[in-house]
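The structure under discussion appears below in the form of structure tokens.
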Amino acid sequence: MIRLRQQPFILIFLLWLFHALVSGVALAESSPTKLILGTATKGGGFQLFGSHLAEVINTVDSSLMVEAIATKGSKQNLPFLEQGKIDIGQVEGNAARQALDGIGREKANLKVLSVMYPNPGMFVVRGDSNYKSIEDLKGKPIAFGTQASGLRILVNDVLDGLDLNPQRDFGQVVLKKAAEGPGLVLDKKVEALWGAGIGWPGFVEVSNGPAGARFIAPSAMQINKILVKHPHLKKMSVPAGTYKGQERQIDSIGLWSLILVRPELSDEIVYRLARAIHQGESALAKRLEQGQYTRAQNTVAHVPAERLHPGAARYFREIGLMH
């Protein structure tokens, strides 16, 4: 009799256990894949871009959960990717080139997910200053960005092409955070700030200041001279009206910034990331002016096929951009 009375309870327990197991499997399958995106210091273009990019990806594909975190910038994102501390990393074009080509280091075993945007480099000064050329800034205190920023690699190449050096020929100021730069210019603690990109936050802040802004880029002759010594750089332009009071297009040089992924990420996850980014192109462009450049066509046009992650290449083939 005792055994007969226990049977219903055993049956109920087994049914409960089966339901719990099935529910657990279903919950695990429905949980989004969590990924960490390394950006840069707060107040910079990478941090702004990365936060919006993560939100767009998560909205387009609910099976992904990308968390954008602040880092020290490109030079930290590279080892973080290699060490598996982050899954996705934003890297300025010159820093990416050095890592992927093995310039001054071992070649990085990293792959490209997508381009970000072009980075034409230039200086910004207060609109009420008398500075109009790079030569005018010699000997003056200049904010050249944070220690780990890839923009410092760009400015080193630009100035080296003109036989100049940030430390030797200028009063070089290295920032702890990108957000510090604009305030130093507005408070007249430095005479100029070096930066790059379309809609770069530092440039926006200075141009919105009470005195407005003036932008100083290499002249056409200087650009040609720089390219002779550093042919890896590309001619790029900042469209007129990008910044307040900027009435003309500004021609300069730079490289595209890239979104890299650690190679261990599965083809399927990277495929879904690429698909979410590019299905969300319009949404990203509405959020950020520089977001208009994060397009599948630009990735295929500016990144060699062998540097693309296989998952990203699969998506670009699927939409007819690659064979």
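Chain labels follow the order of the structure tokens: the first chain is A, the next B, and so on; residue numbering restarts at 1 in every chain, and ligands are counted from 1 in their shown order.
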Identify all residues of region 31-279 of chain A in alpha helix (DSSP H) (DSSP on the backbone) and supply them as an mmCIF file with N, CA and C atoms, in the first residue's frame.
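The result, stored in out.cif:
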```cif
data_model
loop_
_atom_site.group_PDB
_atom_site.id
_atom_site.type_symbol
_atom_site.label_atom_id
_atom_site.label_comp_id
_atom_site.auth_asym_id
_atom_site.auth_seq_id
_atom_site.Cartn_x
_atom_site.Cartn_y
_atom_site.Cartn_z
ATOM 1 N N GLY A 45 35.501 59.965 -30.286
ATOM 2 C CA GLY A 45 34.635 59.488 -31.350
ATOM 3 C C GLY A 45 34.339 58.006 -31.262
ATOM 4 N N PHE A 46 35.314 57.203 -30.838
ATOM 5 C CA PHE A 46 35.114 55.762 -30.762
ATOM 6 C C PHE A 46 34.068 55.398 -29.720
ATOM 7 N N GLN A 47 34.129 56.051 -28.566
ATOM 8 C CA GLN A 47 33.185 55.727 -27.496
ATOM 9 C C GLN A 47 31.762 56.086 -27.922
ATOM 10 N N LEU A 48 31.609 57.219 -28.574
ATOM 11 C CA LEU A 48 30.297 57.646 -29.060
ATOM 12 C C LEU A 48 29.776 56.688 -30.121
ATOM 13 N N PHE A 49 30.629 56.367 -31.082
ATOM 14 C CA PHE A 49 30.229 55.469 -32.160
ATOM 15 C C PHE A 49 29.868 54.092 -31.614
ATOM 16 N N GLY A 50 30.727 53.564 -30.732
ATOM 17 C CA GLY A 50 30.518 52.217 -30.225
ATOM 18 C C GLY A 50 29.228 52.041 -29.451
ATOM 19 N N SER A 51 28.872 53.042 -28.656
ATOM 20 C CA SER A 51 27.640 52.932 -27.881
ATOM 21 C C SER A 51 26.428 52.869 -28.802
ATOM 22 N N HIS A 52 26.432 53.671 -29.851
ATOM 23 C CA HIS A 52 25.311 53.645 -30.808
ATOM 24 C C HIS A 52 25.317 52.365 -31.639
ATOM 25 N N LEU A 53 26.514 51.921 -32.031
ATOM 26 C CA LEU A 53 26.597 50.697 -32.819
ATOM 27 C C LEU A 53 26.036 49.515 -32.041
ATOM 28 N N ALA A 54 26.386 49.398 -30.765
ATOM 29 C CA ALA A 54 25.893 48.291 -29.941
ATOM 30 C C ALA A 54 24.372 48.316 -29.854
ATOM 31 N N GLU A 55 23.816 49.497 -29.667
ATOM 32 C CA GLU A 55 22.359 49.613 -29.570
ATOM 33 C C GLU A 55 21.679 49.208 -30.873
ATOM 34 N N VAL A 56 22.263 49.586 -31.995
ATOM 35 C CA VAL A 56 21.685 49.224 -33.296
ATOM 36 C C VAL A 56 21.741 47.713 -33.496
ATOM 37 N N ILE A 57 22.885 47.107 -33.227
ATOM 38 C CA ILE A 57 23.019 45.650 -33.382
ATOM 39 C C ILE A 57 22.001 44.924 -32.518
ATOM 40 N N ASN A 58 21.889 45.330 -31.256
ATOM 41 C CA ASN A 58 20.978 44.655 -30.328
ATOM 42 C C ASN A 58 19.522 44.815 -30.742
ATOM 43 N N THR A 59 19.206 45.950 -31.355
ATOM 44 C CA THR A 59 17.830 46.181 -31.814
ATOM 45 C C THR A 59 17.509 45.351 -33.050
ATOM 46 N N VAL A 60 18.453 45.276 -33.979
ATOM 47 C CA VAL A 60 18.228 44.547 -35.230
ATOM 48 C C VAL A 60 18.171 43.042 -34.994
ATOM 49 N N SER A 74 42.657 52.326 -29.346
ATOM 50 C CA SER A 74 43.106 51.333 -30.324
ATOM 51 C C SER A 74 44.243 50.465 -29.819
ATOM 52 N N LYS A 75 45.255 51.093 -29.211
ATOM 53 C CA LYS A 75 46.436 50.340 -28.798
ATOM 54 C C LYS A 75 46.133 49.365 -27.670
ATOM 55 N N GLN A 76 45.065 49.588 -26.929
ATOM 56 C CA GLN A 76 44.660 48.628 -25.901
ATOM 57 C C GLN A 76 43.678 47.612 -26.464
ATOM 58 N N ASN A 77 42.846 48.033 -27.399
ATOM 59 C CA ASN A 77 41.880 47.101 -27.978
ATOM 60 C C ASN A 77 42.572 45.949 -28.699
ATOM 61 N N LEU A 78 43.709 46.220 -29.312
ATOM 62 C CA LEU A 78 44.419 45.166 -30.047
ATOM 63 C C LEU A 78 44.854 44.022 -29.125
ATOM 64 N N PRO A 79 45.599 44.291 -28.047
ATOM 65 C CA PRO A 79 45.945 43.166 -27.151
ATOM 66 C C PRO A 79 44.734 42.566 -26.455
ATOM 67 N N PHE A 80 43.729 43.387 -26.164
ATOM 68 C CA PHE A 80 42.512 42.849 -25.548
ATOM 69 C C PHE A 80 41.854 41.820 -26.471
ATOM 70 N N LEU A 81 41.830 42.112 -27.768
ATOM 71 C CA LEU A 81 41.271 41.166 -28.734
ATOM 72 C C LEU A 81 42.116 39.897 -28.787
ATOM 73 N N GLU A 82 43.423 40.077 -28.825
ATOM 74 C CA GLU A 82 44.312 38.923 -28.915
ATOM 75 C C GLU A 82 44.243 38.052 -27.680
ATOM 76 N N GLN A 83 43.994 38.662 -26.538
ATOM 77 C CA GLN A 83 43.912 37.926 -25.278
ATOM 78 C C GLN A 83 42.504 37.422 -24.979
ATOM 79 N N GLY A 93 42.730 53.181 -38.217
ATOM 80 C CA GLY A 93 43.316 52.526 -39.381
ATOM 81 C C GLY A 93 44.811 52.313 -39.326
ATOM 82 N N ASN A 94 45.567 53.295 -38.834
ATOM 83 C CA ASN A 94 47.014 53.153 -38.768
ATOM 84 C C ASN A 94 47.429 52.115 -37.730
ATOM 85 N N ALA A 95 46.753 52.098 -36.598
ATOM 86 C CA ALA A 95 47.038 51.091 -35.582
ATOM 87 C C ALA A 95 46.690 49.696 -36.104
ATOM 88 N N ALA A 96 45.578 49.589 -36.823
ATOM 89 C CA ALA A 96 45.178 48.307 -37.406
ATOM 90 C C ALA A 96 46.204 47.843 -38.434
ATOM 91 N N ARG A 97 46.667 48.755 -39.258
ATOM 92 C CA ARG A 97 47.664 48.420 -40.283
ATOM 93 C C ARG A 97 48.940 47.893 -39.654
ATOM 94 N N GLN A 98 49.433 48.548 -38.625
ATOM 95 C CA GLN A 98 50.663 48.100 -37.980
ATOM 96 C C GLN A 98 50.495 46.698 -37.392
ATOM 97 N N ALA A 99 49.332 46.456 -36.787
ATOM 98 C CA ALA A 99 49.091 45.152 -36.167
ATOM 99 C C ALA A 99 48.917 44.055 -37.214
ATOM 100 N N LEU A 100 48.106 44.318 -38.233
ATOM 101 C CA LEU A 100 47.803 43.289 -39.228
ATOM 102 C C LEU A 100 48.983 43.018 -40.155
ATOM 103 N N ASP A 101 49.830 44.037 -40.383
ATOM 104 C CA ASP A 101 51.017 43.854 -41.229
ATOM 105 C C ASP A 101 52.242 43.431 -40.431
ATOM 106 N N LEU A 151 45.086 57.808 -33.156
ATOM 107 C CA LEU A 151 45.249 59.115 -33.803
ATOM 108 C C LEU A 151 46.665 59.656 -33.609
ATOM 109 N N ARG A 152 47.351 59.183 -32.575
ATOM 110 C CA ARG A 152 48.729 59.616 -32.363
ATOM 111 C C ARG A 152 49.656 59.000 -33.408
ATOM 112 N N ILE A 153 49.320 57.795 -33.867
ATOM 113 C CA ILE A 153 50.099 57.185 -34.944
ATOM 114 C C ILE A 153 49.916 57.996 -36.219
ATOM 115 N N LEU A 154 48.669 58.409 -36.473
ATOM 116 C CA LEU A 154 48.384 59.205 -37.667
ATOM 117 C C LEU A 154 49.138 60.532 -37.646
ATOM 118 N N VAL A 155 49.089 61.243 -36.530
ATOM 119 C CA VAL A 155 49.747 62.540 -36.484
ATOM 120 C C VAL A 155 51.262 62.394 -36.563
ATOM 121 N N ASN A 156 51.799 61.317 -36.017
ATOM 122 C CA ASN A 156 53.235 61.077 -36.143
ATOM 123 C C ASN A 156 53.638 60.925 -37.608
ATOM 124 N N ASP A 157 52.827 60.187 -38.372
ATOM 125 C CA ASP A 157 53.123 60.011 -39.797
ATOM 126 C C ASP A 157 52.955 61.317 -40.572
ATOM 127 N N VAL A 158 51.876 62.035 -40.266
ATOM 128 C CA VAL A 158 51.617 63.304 -40.966
ATOM 129 C C VAL A 158 52.761 64.279 -40.730
ATOM 130 N N LEU A 159 53.134 64.458 -39.482
ATOM 131 C CA LEU A 159 54.195 65.414 -39.170
ATOM 132 C C LEU A 159 55.558 64.918 -39.640
ATOM 133 N N ASP A 160 55.789 63.621 -39.560
ATOM 134 C CA ASP A 160 57.060 63.069 -40.039
ATOM 135 C C ASP A 160 57.236 63.335 -41.530
ATOM 136 N N PRO A 166 56.084 65.693 -32.992
ATOM 137 C CA PRO A 166 55.250 66.294 -31.938
ATOM 138 C C PRO A 166 56.028 66.727 -30.705
ATOM 139 N N GLN A 167 56.975 65.906 -30.284
ATOM 140 C CA GLN A 167 57.709 66.210 -29.054
ATOM 141 C C GLN A 167 58.806 67.246 -29.275
ATOM 142 N N ARG A 168 59.462 67.174 -30.429
ATOM 143 C CA ARG A 168 60.589 68.074 -30.689
ATOM 144 C C ARG A 168 60.151 69.462 -31.125
ATOM 145 N N ASP A 169 59.108 69.526 -31.959
ATOM 146 C CA ASP A 169 58.749 70.792 -32.602
ATOM 147 C C ASP A 169 57.522 71.477 -32.028
ATOM 148 N N GLU A 180 39.120 65.556 -22.395
ATOM 149 C CA GLU A 180 39.831 66.701 -21.840
ATOM 150 C C GLU A 180 40.251 67.701 -22.912
ATOM 151 N N GLY A 181 40.477 67.234 -24.128
ATOM 152 C CA GLY A 181 41.055 68.069 -25.170
ATOM 153 C C GLY A 181 40.303 69.343 -25.508
ATOM 154 N N PRO A 182 39.016 69.272 -25.827
ATOM 155 C CA PRO A 182 38.281 70.479 -26.204
ATOM 156 C C PRO A 182 38.310 71.564 -25.133
ATOM 157 N N GLY A 183 38.172 71.162 -23.869
ATOM 158 C CA GLY A 183 38.194 72.129 -22.781
ATOM 159 C C GLY A 183 39.515 72.857 -22.680
ATOM 160 N N LEU A 184 40.613 72.152 -22.946
ATOM 161 C CA LEU A 184 41.925 72.794 -22.906
ATOM 162 C C LEU A 184 42.040 73.866 -23.989
ATOM 163 N N VAL A 185 41.457 73.600 -25.147
ATOM 164 C CA VAL A 185 41.467 74.600 -26.227
ATOM 165 C C VAL A 185 40.582 75.788 -25.858
ATOM 166 N N LEU A 186 39.378 75.510 -25.393
ATOM 167 C CA LEU A 186 38.442 76.581 -25.062
ATOM 168 C C LEU A 186 38.946 77.445 -23.906
ATOM 169 N N PRO A 201 33.687 64.259 -31.827
ATOM 170 C CA PRO A 201 33.155 65.034 -30.697
ATOM 171 C C PRO A 201 34.030 66.210 -30.271
ATOM 172 N N GLY A 202 35.352 66.030 -30.279
ATOM 173 C CA GLY A 202 36.241 67.124 -29.884
ATOM 174 C C GLY A 202 36.118 68.324 -30.794
ATOM 175 N N PHE A 203 36.005 68.071 -32.085
ATOM 176 C CA PHE A 203 35.841 69.154 -33.052
ATOM 177 C C PHE A 203 34.479 69.827 -32.899
ATOM 178 N N VAL A 204 33.462 69.006 -32.631
ATOM 179 C CA VAL A 204 32.108 69.545 -32.442
ATOM 180 C C VAL A 204 32.089 70.505 -31.255
ATOM 181 N N GLU A 205 32.722 70.106 -30.146
ATOM 182 C CA GLU A 205 32.698 70.923 -28.938
ATOM 183 C C GLU A 205 33.419 72.255 -29.136
ATOM 184 N N VAL A 206 34.581 72.225 -29.787
ATOM 185 C CA VAL A 206 35.317 73.472 -30.005
ATOM 186 C C VAL A 206 34.567 74.374 -30.975
ATOM 187 N N SER A 207 34.024 73.802 -32.047
ATOM 188 C CA SER A 207 33.315 74.623 -33.038
ATOM 189 C C SER A 207 32.038 75.220 -32.466
ATOM 190 N N ALA A 220 47.704 71.241 -49.956
ATOM 191 C CA ALA A 220 47.786 70.278 -51.063
ATOM 192 C C ALA A 220 49.228 69.862 -51.318
ATOM 193 N N MET A 221 50.139 70.818 -51.261
ATOM 194 C CA MET A 221 51.553 70.508 -51.467
ATOM 195 C C MET A 221 52.082 69.636 -50.332
ATOM 196 N N GLN A 222 51.662 69.939 -49.113
ATOM 197 C CA GLN A 222 52.110 69.145 -47.970
ATOM 198 C C GLN A 222 51.553 67.727 -48.021
ATOM 199 N N ILE A 223 50.313 67.593 -48.456
ATOM 200 C CA ILE A 223 49.712 66.263 -48.581
ATOM 201 C C ILE A 223 50.538 65.400 -49.531
ATOM 202 N N ASN A 224 50.918 65.954 -50.661
ATOM 203 C CA ASN A 224 51.720 65.198 -51.627
ATOM 204 C C ASN A 224 53.077 64.819 -51.039
ATOM 205 N N LYS A 225 53.659 65.723 -50.282
ATOM 206 C CA LYS A 225 54.951 65.444 -49.649
ATOM 207 C C LYS A 225 54.824 64.328 -48.624
ATOM 208 N N ILE A 226 53.764 64.352 -47.839
ATOM 209 C CA ILE A 226 53.537 63.319 -46.827
ATOM 210 C C ILE A 226 53.342 61.955 -47.487
ATOM 211 N N LEU A 227 52.587 61.934 -48.578
ATOM 212 C CA LEU A 227 52.286 60.668 -49.253
ATOM 213 C C LEU A 227 53.515 60.047 -49.891
ATOM 214 N N VAL A 228 54.490 60.853 -50.243
ATOM 215 C CA VAL A 228 55.739 60.308 -50.784
ATOM 216 C C VAL A 228 56.441 59.466 -49.721
ATOM 217 N N LYS A 229 56.441 59.955 -48.484
ATOM 218 C CA LYS A 229 57.117 59.253 -47.393
ATOM 219 C C LYS A 229 56.238 58.187 -46.752
ATOM 220 N N ASP A 267 31.980 31.564 -37.221
ATOM 221 C CA ASP A 267 31.512 32.180 -38.461
ATOM 222 C C ASP A 267 30.057 32.607 -38.330
ATOM 223 N N GLU A 268 29.263 31.818 -37.625
ATOM 224 C CA GLU A 268 27.833 32.112 -37.497
ATOM 225 C C GLU A 268 27.612 33.400 -36.715
ATOM 226 N N ILE A 269 28.326 33.568 -35.605
ATOM 227 C CA ILE A 269 28.158 34.786 -34.796
ATOM 228 C C ILE A 269 28.600 36.008 -35.585
ATOM 229 N N VAL A 270 29.750 35.920 -36.268
ATOM 230 C CA VAL A 270 30.244 37.073 -37.029
ATOM 231 C C VAL A 270 29.325 37.364 -38.215
ATOM 232 N N TYR A 271 28.778 36.333 -38.815
ATOM 233 C CA TYR A 271 27.786 36.527 -39.884
ATOM 234 C C TYR A 271 26.598 37.321 -39.359
ATOM 235 N N ARG A 272 26.107 36.948 -38.176
ATOM 236 C CA ARG A 272 24.962 37.658 -37.592
ATOM 237 C C ARG A 272 25.325 39.092 -37.229
ATOM 238 N N LEU A 273 26.556 39.306 -36.767
ATOM 239 C CA LEU A 273 27.007 40.672 -36.462
ATOM 240 C C LEU A 273 27.044 41.527 -37.728
ATOM 241 N N ALA A 274 27.649 40.987 -38.781
ATOM 242 C CA ALA A 274 27.734 41.726 -40.044
ATOM 243 C C ALA A 274 26.344 42.028 -40.579
ATOM 244 N N ARG A 275 25.466 41.052 -40.515
ATOM 245 C CA ARG A 275 24.093 41.247 -41.005
ATOM 246 C C ARG A 275 23.363 42.316 -40.196
ATOM 247 N N ALA A 276 23.528 42.288 -38.874
ATOM 248 C CA ALA A 276 22.850 43.274 -38.021
ATOM 249 C C ALA A 276 23.385 44.684 -38.277
ATOM 250 N N ILE A 277 24.709 44.812 -38.418
ATOM 251 C CA ILE A 277 25.293 46.128 -38.675
ATOM 252 C C ILE A 277 24.745 46.721 -39.962
ATOM 253 N N HIS A 278 24.733 45.916 -41.001
ATOM 254 C CA HIS A 278 24.381 46.475 -42.303
ATOM 255 C C HIS A 278 22.878 46.510 -42.559
ATOM 256 N N GLN A 279 22.110 45.683 -41.874
ATOM 257 C CA GLN A 279 20.664 45.868 -41.921
ATOM 258 C C GLN A 279 20.261 47.092 -41.105
#
```
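For Ala178 (chain A), the list of residues within 8 Å, based on only C-alpha atoms and with local chain neighbours fewer than 3 positions off taken out, reads Thr41, Lys42, Gly43, Gly44, Gly145, Thr146, Leu175, Gly181 and Gly202 of chain A.
Using only C-alpha atoms, the shortest contact distance between Ser63 (chain A) and any of A:Leu35, A:Lys244, A:Gly89, A:Ser133 is found at A:Leu35.
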Original post:
Got a sec to tell me which of region 80-219 of chain A DSSP assigns to strand (DSSP E), as a PyMOL selection string?
Top reply: chain A and resi 88-91+111-118+121-126+141-146+171-175+192-196+213-216
Subject >> Between CA of Arg307 (chain A) and CA of Ile69 (chain A) - distance in Å to one decimal >> reply: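 Pair CA of Ile69 (chain A) / CA of Arg307 (chain A) returns 24.6 Å.
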**OP:** Counting only C-alpha atoms, figure out which residue out of A:Pro263, A:Pro231, A:Gly161, A:Gly121 gets nearest to Leu193 (chain A).
**Re:**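 For Leu193 (chain A), the nearest of the candidates is A:Gly121.
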Spatial neighbours of Ile88 (chain A), 8 Å, only C-alpha atoms, chain gap at least 5 places, as a compact mmCIF listing (two decimals) with N, CA and C atoms, in the first residue's frame:
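After the write, out-v7.txt holds the following:
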```txt
# COMPACT_ATOMS: atom_id res chain seq x y z
N LEU A 35 28.39 39.63 -26.13
CA LEU A 35 29.66 39.99 -26.74
C LEU A 35 30.13 41.34 -26.18
N ILE A 36 31.43 41.49 -26.00
CA ILE A 36 32.00 42.73 -25.47
C ILE A 36 32.66 43.50 -26.61
N LEU A 37 32.30 44.77 -26.75
CA LEU A 37 32.87 45.66 -27.76
C LEU A 37 33.75 46.70 -27.08
N GLY A 38 35.04 46.72 -27.41
CA GLY A 38 35.96 47.71 -26.86
C GLY A 38 35.96 48.97 -27.70
N LEU A 81 41.83 42.11 -27.77
CA LEU A 81 41.27 41.17 -28.73
C LEU A 81 42.12 39.90 -28.79
N ILE A 259 36.51 47.86 -37.54
CA ILE A 259 35.97 47.06 -36.45
C ILE A 259 36.55 45.66 -36.61
N LEU A 260 37.37 45.25 -35.65
CA LEU A 260 38.03 43.94 -35.70
C LEU A 260 37.37 42.97 -34.73
N VAL A 261 37.52 41.69 -35.02
CA VAL A 261 37.01 40.65 -34.13
C VAL A 261 38.11 39.63 -33.87
N ARG A 262 38.02 38.99 -32.73
CA ARG A 262 38.98 37.92 -32.44
C ARG A 262 38.63 36.73 -33.34
```
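You can rank A:Ile86, A:Asn298, A:Pro218, A:Gly199 by their closest distance to Leu321 (chain A) using only C-alpha atoms, and at the top of that list sits A:Asn298.
Counting only C-alpha atoms, Lys140 (chain A) has the following residues at most 6 Å away, ignoring those fewer than 2 positions along the same chain: Leu137, Lys138, Phe170 and Gly171 of chain A.
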Deliver the residues from the most recent selection as a file, using C-alpha atoms, as a compact mmCIF listing (two decimals), in the first residue's frame.
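Result saved to again-v9.txt:
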```txt
# COMPACT_ATOMS: atom_id res chain seq x y z
CA LEU A 137 51.59 75.96 -34.46
CA LYS A 138 55.28 75.12 -34.07
CA PHE A 170 55.65 71.38 -30.49
CA GLY A 171 54.69 71.63 -26.84
```
What's around Asn130 (chain A) at 12 Å? Count only C-alpha atoms, leave out sequence neighbours fewer than 6 positions away in its own chain, and write the answer as a CSV table (one decimal) with N, CA and C atoms, in the first residue's frame.
```csv
chain,number,residue,atom,x,y,z
A,136,ASP,N,52.4,77.6,-38.2
A,136,ASP,CA,52.0,78.6,-37.2
A,136,ASP,C,52.0,78.0,-35.8
A,137,LEU,N,51.8,76.6,-35.7
A,137,LEU,CA,51.6,76.0,-34.5
A,137,LEU,C,52.9,75.5,-33.9
A,191,GLU,N,46.9,75.5,-27.6
A,191,GLU,CA,46.5,76.4,-28.7
A,191,GLU,C,45.7,75.6,-29.8
A,192,ALA,N,45.9,74.3,-29.8
A,192,ALA,CA,45.2,73.4,-30.8
A,192,ALA,C,45.0,72.0,-30.3
A,213,ALA,N,35.5,77.9,-34.4
A,213,ALA,CA,36.7,77.1,-34.6
A,213,ALA,C,37.2,77.4,-36.0
A,214,ARG,N,38.5,77.1,-36.1
A,214,ARG,CA,39.2,77.1,-37.4
A,214,ARG,C,40.0,75.8,-37.5
A,215,PHE,N,39.9,75.1,-38.7
A,215,PHE,CA,40.5,73.8,-38.9
A,215,PHE,C,41.8,74.0,-39.7
A,216,ILE,N,42.8,73.3,-39.3
A,216,ILE,CA,44.1,73.4,-40.0
A,216,ILE,C,44.5,72.0,-40.4
```
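You will find CA of Val190 (chain A) at 9.4 Å from CA of Gln172 (chain A).
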**OP:** Quick one: pull the distance between CA of Met65 (chain A) and CA of Asp87 (chain A), Å, one decimal.
**Re:** 11.7 Å
Subject >> Polymer residues at most 12 Å from Arg295 (chain A), only C-alpha atoms, same-chain spacing of 2 or more positions, as a PyMOL selection string >> reply: chain A and resi 113-118+258+274-285+290-293+297-302+316+321
